[in-house]
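Colleague: Just coords_32.txt, nothing more (compact mmCIF, C-alpha atoms and all ligand atoms):
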```txt
# COMPACT_ATOMS: atom_id res chain seq x y z
CA MET A 1 23.48 10.38 -37.43
CA SER A 2 26.19 12.09 -35.42
CA ARG A 3 28.62 10.17 -33.21
CA ARG A 4 27.11 11.86 -30.18
CA ALA A 5 23.59 10.76 -31.10
CA LEU A 6 24.87 7.24 -31.72
CA SER A 7 26.53 7.00 -28.33
CA ILE A 8 23.40 8.33 -26.62
CA LEU A 9 21.36 5.71 -28.45
CA ALA A 10 23.81 2.98 -27.46
CA GLY A 11 23.64 4.15 -23.87
CA ALA A 12 19.86 4.07 -23.92
CA VAL A 13 19.81 0.54 -25.36
CA LEU A 14 22.26 -0.64 -22.72
CA ALA A 15 20.18 0.95 -19.94
CA LEU A 16 17.07 -0.75 -21.29
CA VAL A 17 18.77 -4.15 -21.40
CA LEU A 18 20.05 -3.71 -17.85
CA ALA A 19 16.56 -2.70 -16.69
CA ILE A 20 15.01 -5.78 -18.31
CA VAL A 21 17.60 -8.05 -16.74
CA ALA A 22 17.02 -6.44 -13.33
CA VAL A 23 13.25 -6.83 -13.57
CA ALA A 24 13.50 -10.42 -14.81
CA THR A 25 15.75 -11.30 -11.89
CA MET A 26 13.45 -9.62 -9.37
CA ASN A 27 10.43 -11.62 -10.50
CA LEU A 28 11.95 -15.03 -9.89
CA SER A 29 9.70 -17.07 -7.66
CA PRO A 30 10.90 -19.86 -5.38
CA SER A 31 9.75 -22.42 -7.97
CA GLY A 32 11.69 -20.64 -10.70
CA GLN A 33 14.84 -20.98 -8.70
CA SER A 34 15.44 -24.68 -9.41
CA GLY A 35 17.46 -23.85 -12.52
CA GLY A 36 20.40 -22.75 -10.40
CA GLY A 37 19.36 -19.18 -9.64
CA SER A 38 22.76 -17.73 -10.35
CA GLY A 39 21.12 -14.40 -11.23
CA THR A 40 19.58 -14.14 -7.77
CA ALA A 41 22.56 -15.29 -5.74
CA ASP A 42 23.64 -11.74 -5.06
CA ILE A 43 20.34 -10.44 -3.65
CA GLY A 44 20.93 -9.93 0.04
CA GLY A 45 24.11 -9.58 2.01
CA ALA A 46 25.61 -7.72 4.92
CA PHE A 47 23.77 -4.86 6.61
CA THR A 48 23.82 -2.86 9.81
CA LEU A 49 20.57 -1.36 11.10
CA THR A 50 18.99 -0.38 14.40
CA GLY A 51 16.18 -2.36 16.02
CA GLU A 52 13.11 -0.92 17.73
CA ASP A 53 14.84 -0.99 21.12
CA GLY A 54 17.88 0.85 19.80
CA THR A 55 20.17 -2.19 19.53
CA ILE A 56 22.25 -2.83 16.44
CA VAL A 57 20.90 -5.54 14.13
CA THR A 58 23.00 -7.10 11.39
CA GLU A 59 22.55 -9.99 8.95
CA ALA A 60 24.23 -12.20 11.57
CA ASP A 61 21.16 -11.80 13.82
CA PHE A 62 19.03 -13.50 11.18
CA VAL A 63 21.34 -16.41 10.40
CA GLY A 64 19.94 -19.82 11.36
CA LYS A 65 16.34 -18.94 10.51
CA PRO A 66 14.86 -18.04 7.12
CA THR A 67 13.68 -14.44 6.91
CA ALA A 68 10.83 -12.50 5.37
CA ILE A 69 12.01 -8.91 4.96
CA PHE A 70 10.43 -5.93 3.25
CA PHE A 71 10.95 -2.21 2.81
CA GLY A 72 8.64 0.75 3.33
CA PHE A 73 8.03 3.78 5.51
CA THR A 74 5.52 4.81 8.16
CA PHE A 75 4.10 7.76 6.17
CA CYS A 76 2.93 5.25 3.57
CA PRO A 77 -0.90 5.20 3.70
CA ASP A 78 -1.63 1.98 1.90
CA VAL A 79 0.95 -0.55 0.74
CA CYS A 80 3.05 -0.69 3.91
CA PRO A 81 0.22 -1.13 6.44
CA THR A 82 -1.44 -3.55 4.02
CA THR A 83 1.72 -5.65 3.84
CA LEU A 84 2.13 -5.55 7.63
CA TYR A 85 -1.50 -6.61 8.02
CA GLU A 86 -1.09 -9.43 5.47
CA LEU A 87 2.11 -10.63 7.05
CA SER A 88 0.47 -10.61 10.50
CA GLY A 89 -2.35 -12.76 9.11
CA LEU A 90 0.17 -15.14 7.51
CA ILE A 91 2.11 -15.44 10.76
CA GLU A 92 -1.10 -16.34 12.54
CA ALA A 93 -2.01 -18.86 9.83
CA LEU A 94 1.43 -20.50 10.08
CA GLY A 95 0.72 -21.35 13.70
CA PRO A 96 3.70 -22.80 15.60
CA ASP A 97 5.74 -22.85 12.36
CA ALA A 98 5.72 -19.06 12.39
CA ASP A 99 8.48 -19.05 14.99
CA LYS A 100 10.84 -20.77 12.56
CA LEU A 101 11.14 -17.50 10.61
CA ASN A 102 12.39 -13.95 11.16
CA TYR A 103 10.22 -11.04 10.04
CA ALA A 104 11.57 -7.58 9.35
CA PHE A 105 10.20 -4.26 8.14
CA VAL A 106 12.99 -1.89 7.08
CA SER A 107 12.10 1.78 6.81
CA VAL A 108 13.75 3.46 3.82
CA ASP A 109 12.69 6.81 5.31
CA TRP A 110 15.94 7.37 7.23
CA GLN A 111 15.02 11.01 7.75
CA ARG A 112 11.71 10.53 9.57
CA ASP A 113 11.60 6.95 10.85
CA GLY A 114 13.83 6.14 13.79
CA PRO A 115 13.62 3.13 16.15
CA ALA A 116 10.98 4.84 18.32
CA GLU A 117 8.70 5.65 15.36
CA LEU A 118 9.03 2.10 14.07
CA ALA A 119 8.38 0.59 17.50
CA ARG A 120 5.13 2.53 17.82
CA TYR A 121 4.06 1.84 14.27
CA THR A 122 4.65 -1.91 14.30
CA SER A 123 2.85 -2.27 17.65
CA SER A 124 -0.41 -2.47 15.66
CA PHE A 125 0.79 -5.66 13.98
CA ASP A 126 2.21 -9.05 14.95
CA ASP A 127 4.90 -8.71 17.63
CA ARG A 128 7.26 -10.89 15.64
CA ILE A 129 7.64 -8.29 12.87
CA ARG A 130 10.72 -6.25 13.77
CA GLY A 131 11.00 -2.67 12.63
CA LEU A 132 14.51 -1.75 11.50
CA ALA A 133 15.80 1.80 11.03
CA GLY A 134 19.04 3.05 9.57
CA THR A 135 21.10 6.09 8.66
CA GLU A 136 21.20 7.28 5.08
CA GLU A 137 24.39 5.26 4.44
CA GLN A 138 22.96 2.13 6.08
CA ILE A 139 19.73 2.34 4.09
CA GLU A 140 21.69 2.97 0.89
CA ALA A 141 23.75 -0.13 1.64
CA ILE A 142 20.89 -2.52 2.39
CA THR A 143 18.71 -1.33 -0.50
CA LYS A 144 21.66 -1.83 -2.84
CA ALA A 145 22.31 -5.29 -1.41
CA TYR A 146 18.66 -6.30 -1.79
CA ARG A 147 18.26 -4.45 -5.11
CA VAL A 148 15.41 -2.48 -3.62
CA TYR A 149 14.38 0.61 -5.51
CA TYR A 150 13.52 3.67 -3.44
CA LYS A 151 13.31 7.28 -4.41
CA LYS A 152 12.23 10.35 -2.50
CA ILE A 153 9.64 12.36 -4.41
CA PRO A 154 9.06 15.95 -3.24
CA THR A 155 5.41 16.96 -2.76
CA ASP A 156 3.80 20.40 -3.24
CA ASP A 157 3.82 21.19 0.47
CA GLY A 158 7.58 20.83 0.75
CA ASP A 159 7.22 17.34 2.16
CA TYR A 160 8.00 14.12 0.33
CA THR A 161 6.72 10.65 -0.43
CA ILE A 162 8.89 7.65 -1.30
CA ASP A 163 8.52 5.40 -4.31
CA HIS A 164 9.74 1.98 -3.23
CA THR A 165 9.82 -1.72 -4.01
CA ALA A 166 6.86 -3.27 -2.23
CA SER A 167 7.72 -6.98 -2.47
CA VAL A 168 8.56 -9.10 0.56
CA TYR A 169 11.93 -10.83 0.11
CA LEU A 170 12.25 -14.41 1.31
CA MET A 171 15.73 -15.42 2.39
CA ASP A 172 16.95 -18.81 3.59
CA GLY A 173 18.67 -19.50 6.90
CA GLU A 174 22.06 -18.54 5.46
CA GLY A 175 20.79 -15.26 4.06
CA GLY A 176 20.47 -16.51 0.47
CA PHE A 177 17.66 -15.21 -1.71
CA VAL A 178 14.76 -17.64 -2.19
CA GLY A 179 11.97 -15.59 -3.75
CA THR A 180 9.43 -12.87 -3.14
CA LEU A 181 5.85 -12.29 -2.06
CA SER A 182 4.38 -9.62 -4.27
CA TYR A 183 1.85 -6.96 -3.35
CA GLY A 184 -1.65 -8.24 -4.10
CA GLU A 185 -0.57 -11.89 -4.33
CA ALA A 186 -3.26 -14.34 -3.19
CA HIS A 187 -3.15 -15.15 0.53
CA ASP A 188 -2.92 -18.92 -0.10
CA SER A 189 -0.01 -18.54 -2.48
CA MET A 190 1.89 -16.44 0.04
CA LEU A 191 1.08 -18.86 2.84
CA GLU A 192 2.33 -21.76 0.72
CA LYS A 193 5.65 -19.99 0.12
CA LEU A 194 6.09 -19.23 3.82
CA LYS A 195 5.23 -22.83 4.75
CA ARG A 196 7.88 -24.07 2.34
CA LEU A 197 10.34 -21.59 3.78
CA ALA A 198 9.54 -22.73 7.33
CA ALA A 199 9.89 -26.38 6.28
CA SER A 200 13.38 -25.63 4.95
CA ALA A 201 14.40 -24.31 8.36
CA MET B 1 -48.47 5.65 -15.85
CA ARG B 2 -44.87 5.58 -17.01
CA PHE B 3 -41.70 5.68 -15.00
CA PRO B 4 -38.42 6.85 -16.48
CA THR B 5 -36.17 3.86 -17.00
CA TYR B 6 -33.58 4.99 -14.51
CA THR B 7 -36.23 5.18 -11.79
CA LEU B 8 -37.15 1.59 -12.46
CA ILE B 9 -33.53 0.51 -12.46
CA ALA B 10 -32.90 2.43 -9.28
CA ALA B 11 -35.97 0.84 -7.70
CA MET B 12 -34.81 -2.63 -8.76
CA LEU B 13 -31.32 -2.02 -7.42
CA PHE B 14 -32.76 -0.72 -4.21
CA ALA B 15 -34.96 -3.78 -3.82
CA ALA B 16 -32.07 -6.14 -4.57
CA THR B 17 -29.57 -4.51 -2.23
CA PRO B 18 -30.19 -4.34 1.47
CA ALA B 19 -29.97 -0.76 2.66
CA LEU B 20 -26.48 -0.20 4.01
CA ALA B 21 -25.42 2.34 6.53
CA GLY B 22 -22.89 4.70 5.06
CA ASP B 23 -24.22 4.94 1.52
CA TYR B 24 -25.03 8.44 0.29
CA THR B 25 -26.64 10.26 -2.60
CA LEU B 26 -25.67 13.70 -3.85
CA GLY B 27 -27.70 14.75 -6.89
CA LYS B 28 -27.09 11.99 -9.42
CA LEU B 29 -24.04 10.68 -7.59
CA ASP B 30 -24.20 7.54 -5.50
CA ILE B 31 -21.45 7.61 -2.92
CA ASP B 32 -21.05 4.16 -1.47
CA ARG B 33 -18.97 2.23 1.06
CA PRO B 34 -16.80 5.05 2.35
CA TRP B 35 -14.14 3.56 4.60
CA THR B 36 -10.68 4.07 5.96
CA ARG B 37 -8.36 2.24 8.30
CA ALA B 38 -7.34 2.70 11.88
CA THR B 39 -3.82 4.13 12.02
CA PRO B 40 -0.93 2.54 13.88
CA PRO B 41 0.34 4.73 16.74
CA GLY B 42 2.37 7.64 15.45
CA ALA B 43 1.21 7.27 11.85
CA LYS B 44 0.96 10.59 10.07
CA ALA B 45 -1.02 9.46 7.02
CA ALA B 46 -3.99 7.31 6.07
CA GLY B 47 -5.89 6.45 2.93
CA GLY B 48 -9.67 6.80 2.51
CA PHE B 49 -11.72 4.81 0.03
CA VAL B 50 -15.17 5.13 -1.55
CA THR B 51 -17.10 4.15 -4.67
CA ILE B 52 -18.77 6.93 -6.68
CA ALA B 53 -21.34 6.19 -9.38
CA ASN B 54 -22.44 9.03 -11.65
CA SER B 55 -25.88 8.31 -13.15
CA SER B 56 -26.24 11.74 -14.73
CA ALA B 57 -25.55 12.66 -18.35
CA GLU B 58 -22.91 15.12 -17.23
CA ASP B 59 -19.31 14.45 -16.31
CA ASP B 60 -18.38 15.41 -12.80
CA ARG B 61 -15.15 15.47 -10.83
CA LEU B 62 -14.15 14.93 -7.25
CA VAL B 63 -12.10 18.09 -6.77
CA SER B 64 -11.25 18.05 -3.08
CA ALA B 65 -11.81 16.48 0.30
CA SER B 66 -11.37 17.71 3.83
CA ALA B 67 -11.50 16.30 7.34
CA ILE B 68 -11.18 17.84 10.78
CA PHE B 69 -8.77 15.13 11.93
CA ALA B 70 -6.20 15.82 9.19
CA GLY B 71 -4.11 18.93 8.58
CA ARG B 72 -4.00 18.21 4.85
CA VAL B 73 -6.26 16.13 2.66
CA GLU B 74 -5.43 15.42 -0.97
CA LEU B 75 -6.61 13.18 -3.77
CA HIS B 76 -3.96 10.68 -4.76
CA THR B 77 -3.31 7.87 -7.14
CA MET B 78 -1.07 4.91 -6.50
CA ASP B 79 0.49 2.69 -9.05
CA MET B 80 2.40 -0.56 -8.79
CA THR B 81 4.77 -1.26 -11.67
CA ASP B 82 7.43 -3.98 -11.55
CA GLY B 83 6.87 -4.27 -7.82
CA VAL B 84 7.55 -0.58 -7.18
CA MET B 85 4.88 1.49 -5.41
CA LYS B 86 4.47 5.03 -6.66
CA MET B 87 2.03 7.49 -5.15
CA ARG B 88 1.16 10.83 -6.72
CA HIS B 89 -0.97 13.83 -5.87
CA LEU B 90 -3.78 14.53 -8.36
CA PRO B 91 -4.04 18.34 -8.27
CA ASP B 92 -6.92 18.29 -10.79
CA GLY B 93 -8.91 15.78 -8.75
CA ILE B 94 -10.54 12.55 -9.87
CA PRO B 95 -12.88 12.56 -12.91
CA VAL B 96 -16.26 10.88 -12.44
CA PRO B 97 -17.51 10.63 -16.04
CA ALA B 98 -21.21 10.52 -16.92
CA GLY B 99 -22.67 7.05 -16.51
CA GLU B 100 -19.52 5.63 -14.93
CA THR B 101 -18.48 4.30 -11.55
CA VAL B 102 -15.14 5.24 -10.06
CA SER B 103 -13.66 3.27 -7.21
CA LEU B 104 -11.19 4.67 -4.75
CA ALA B 105 -9.70 1.46 -3.40
CA PRO B 106 -6.51 0.05 -1.85
CA GLY B 107 -3.73 -0.12 -4.39
CA GLY B 108 -5.09 2.78 -6.44
CA LEU B 109 -7.00 6.03 -6.09
CA HIS B 110 -7.46 7.27 -2.55
CA VAL B 111 -8.28 10.22 -0.37
CA MET B 112 -4.98 10.92 1.35
CA PHE B 113 -5.23 12.13 4.92
CA MET B 114 -2.00 13.76 6.06
CA GLU B 115 -0.72 15.54 9.15
CA LEU B 116 -3.15 13.51 11.25
CA LYS B 117 -4.09 15.46 14.38
CA GLU B 118 -5.17 12.33 16.20
CA PRO B 119 -5.06 8.63 15.42
CA ILE B 120 -7.99 7.15 13.52
CA SER B 121 -9.35 4.50 15.82
CA GLU B 122 -11.06 1.31 14.91
CA ALA B 123 -14.84 1.17 14.86
CA THR B 124 -15.34 4.92 15.31
CA PRO B 125 -16.52 6.31 11.95
CA VAL B 126 -14.80 9.53 10.89
CA PRO B 127 -16.49 12.53 9.23
CA VAL B 128 -15.13 13.54 5.84
CA SER B 129 -16.34 16.11 3.37
CA LEU B 130 -16.11 15.50 -0.38
CA THR B 131 -16.50 18.30 -2.93
CA PHE B 132 -17.50 17.69 -6.53
CA GLU B 133 -17.15 20.23 -9.31
CA LYS B 134 -20.85 20.07 -10.26
CA ALA B 135 -22.73 18.14 -7.60
CA GLY B 136 -21.31 20.21 -4.74
CA THR B 137 -20.21 19.16 -1.28
CA ILE B 138 -21.37 16.29 0.88
CA GLU B 139 -20.51 15.31 4.43
CA ILE B 140 -20.07 11.58 4.82
CA GLU B 141 -18.84 9.20 7.48
CA MET B 142 -16.13 6.69 6.69
CA SER B 143 -16.26 3.41 8.55
CA VAL B 144 -12.94 2.38 10.08
CA ALA B 145 -11.34 -1.03 9.50
CA LYS B 146 -8.27 -2.52 11.21
CA PRO B 147 -4.86 -1.03 10.35
CA GLY B 148 -3.87 -2.28 6.90
CA ALA B 149 -7.12 -4.22 6.35
CA PRO B 150 -7.75 -4.95 2.67
CA ALA B 151 -11.49 -4.22 2.86
CA PRO B 152 -14.06 -2.68 5.21
CA GLU B 153 -15.12 -5.41 7.63
CA ASN B 154 -18.88 -5.32 7.14
CA HIS B 155 -18.57 -5.50 3.35
CA LYS B 156 -15.97 -8.22 3.01
CA HIS B 157 -18.64 -10.86 2.69
CA MET B 158 -20.34 -9.06 -0.21
CA HIS B 159 -17.06 -8.62 -2.05
CA ASP B 160 -16.30 -12.30 -1.80
CA GLU B 161 -19.70 -13.20 -3.18
CA GLY B 162 -19.27 -10.82 -6.06
CA LYS B 163 -15.99 -12.40 -7.09
CA ASN B 164 -17.08 -16.01 -7.05
CU CU C 301 -1.52 8.95 -0.97
```
Write out the structure in this file as structure tokens.

Modeller:
Amino acid sequence: MSRRALSILAGAVLALVLAIVAVATMNLSPSGQSGGGSGTADIGGAFTLTGEDGTIVTEADFVGKPTAIFFGFTFCPDVCPTTLYELSGLIEALGPDADKLNYAFVSVDWQRDGPAELARYTSSFDDRIRGLAGTEEQIEAITKAYRVYYKKIPTDDGDYTIDHTASVYLMDGEGGFVGTLSYGEAHDSMLEKLKRLAASA
Amino acid sequence: MRFPTYTLIAAMLFAATPALAGDYTLGKLDIDRPWTRATPPGAKAAGGFVTIANSSAEDDRLVSASAIFAGRVELHTMDMTDGVMKMRHLPDGIPVPAGETVSLAPGGLHVMFMELKEPISEATPVPVSLTFEKAGTIEIEMSVAKPGAPAPENHKHMHDEGKN
């Protein structure tokens, strides 16, 4: 085997290991966090985005209340509206406790989704879910901070769709990562996690 | 007097299942529970869902769909791996093999309505045309659920029963 082939192989093995570590870290649930959670400590962090009314929103606006935050785009036909619908139902089920949390929907489609598009889109769901838009740099920054995968995929008609992480990230009142709600997770399990998050507020 | 087995089975199924609005037959294809969701204001895309059962001995294929309310309609698949949603166009359509049932459902296969000309509004069924390679074309109406709803409202109850 040539040196070049060896180094390619080594690179591939390293990439695989990194991918496994990344996936393992992503899947940590709130209950799995009791062991210290050092691997998850760096999910989250500073961001600057624009709210539906055009005002700047940063991580500082969420401090003091735990937050449920997820990423998507308004051209998404299924997962994003489904998550918004689910989250609206969970907010309703939480009752008065719902106001102890922040809820945010960040569009990774910086090209097509501005504050106005997000304001219209989220009007079909619970008022407490805030649509957040950003520039390319701002979206790059927050997706890196939250370890959110997103990738534009060109379509035949010259348009594009976006592959993206569909989980809802749960953060505590200081912006620290607590766990996730995954797409397709049972309603009761998600409600339980949000109740625990609200109780920690 | 003898009935072919499938007639008997069909008769039994028919007797056991209350007739539902919005279920269709095209040749040997049963096209059931077509539904979509109301779109939030400004939305440009929506997914349509339906269950197709092929009781013939011949494979068929859903090759295309069209709708007056959408500039483009495609057949798509969606896949969720490690929490990442990926959606892809299926240029060759969706196979409906002989004797099998194929479900277009949230989280997977769907009719993708794009370039929506008007919002899809709740409780007003929308006309959609489906074209199969062998069985031909059928005009159906999709019922409309709330934006993001996981199931069509009038069938939710049946689904729950089936699972328990
Ligand atoms: Cu699609």

Colleague: At a cut-off of 7 Å and counting all atoms listed in the file, what residues surround ligand CU 301 (chain C)? Please answer as a ChimeraX atom specification.

Modeller: /A:77 /B:47,76-78,87-89,110-112

Colleague: Give as a count of residues only every residue of chain B that touches chain A within 8 Å, counting all atoms listed in the file.

Modeller: 22

Colleague: Within 10 Å of Glu122 (chain B), counting only C-alpha atoms, which residues qualify if same-chain residues fewer than 5 places away don't, as number ranges by chain?

Modeller: B: 36-39, 143-147

Colleague: For Gln111 (chain A), which residue out of A:Ile139, A:Leu197, A:Ala98, A:Ala93 is the nearest one, using only C-alpha atoms?

Modeller: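 Among the listed residues, the smallest separation from Gln111 (chain A) belongs to A:Ile139.
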
Colleague: Is there a way to get, as a list in words, all residues within 12 Å of the point (26.5, 1.1, 8.1) in file coordinates, counting only C-alpha atoms?

Modeller: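 Output of the proximity query reads Ala46, Phe47, Thr48, Leu49, Thr50, Ile56, Val57, Thr58, Glu59, Ala133, Gly134, Thr135, Glu136, Glu137, Gln138, Ile139, Glu140, Ala141, Ile142 and Thr143 of chain A.
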
Colleague: Which neighbours of Lys100 (chain A) fall inside 9 Å, counting all atoms listed in the file, when residues of the same chain fewer than 4 positions from it are skipped, and could you give them as a compact mmCIF listing (two decimals) with C-alpha atoms, keeping the file's coordinate frame?

Modeller:
```txt
# COMPACT_ATOMS: atom_id res chain seq x y z
CA LYS A 65 16.34 -18.94 10.51
CA PRO A 66 14.86 -18.04 7.12
CA THR A 67 13.68 -14.44 6.91
CA PRO A 96 3.70 -22.80 15.60
CA LEU A 197 10.34 -21.59 3.78
CA ALA A 198 9.54 -22.73 7.33
CA ALA A 199 9.89 -26.38 6.28
CA ALA A 201 14.40 -24.31 8.36
```
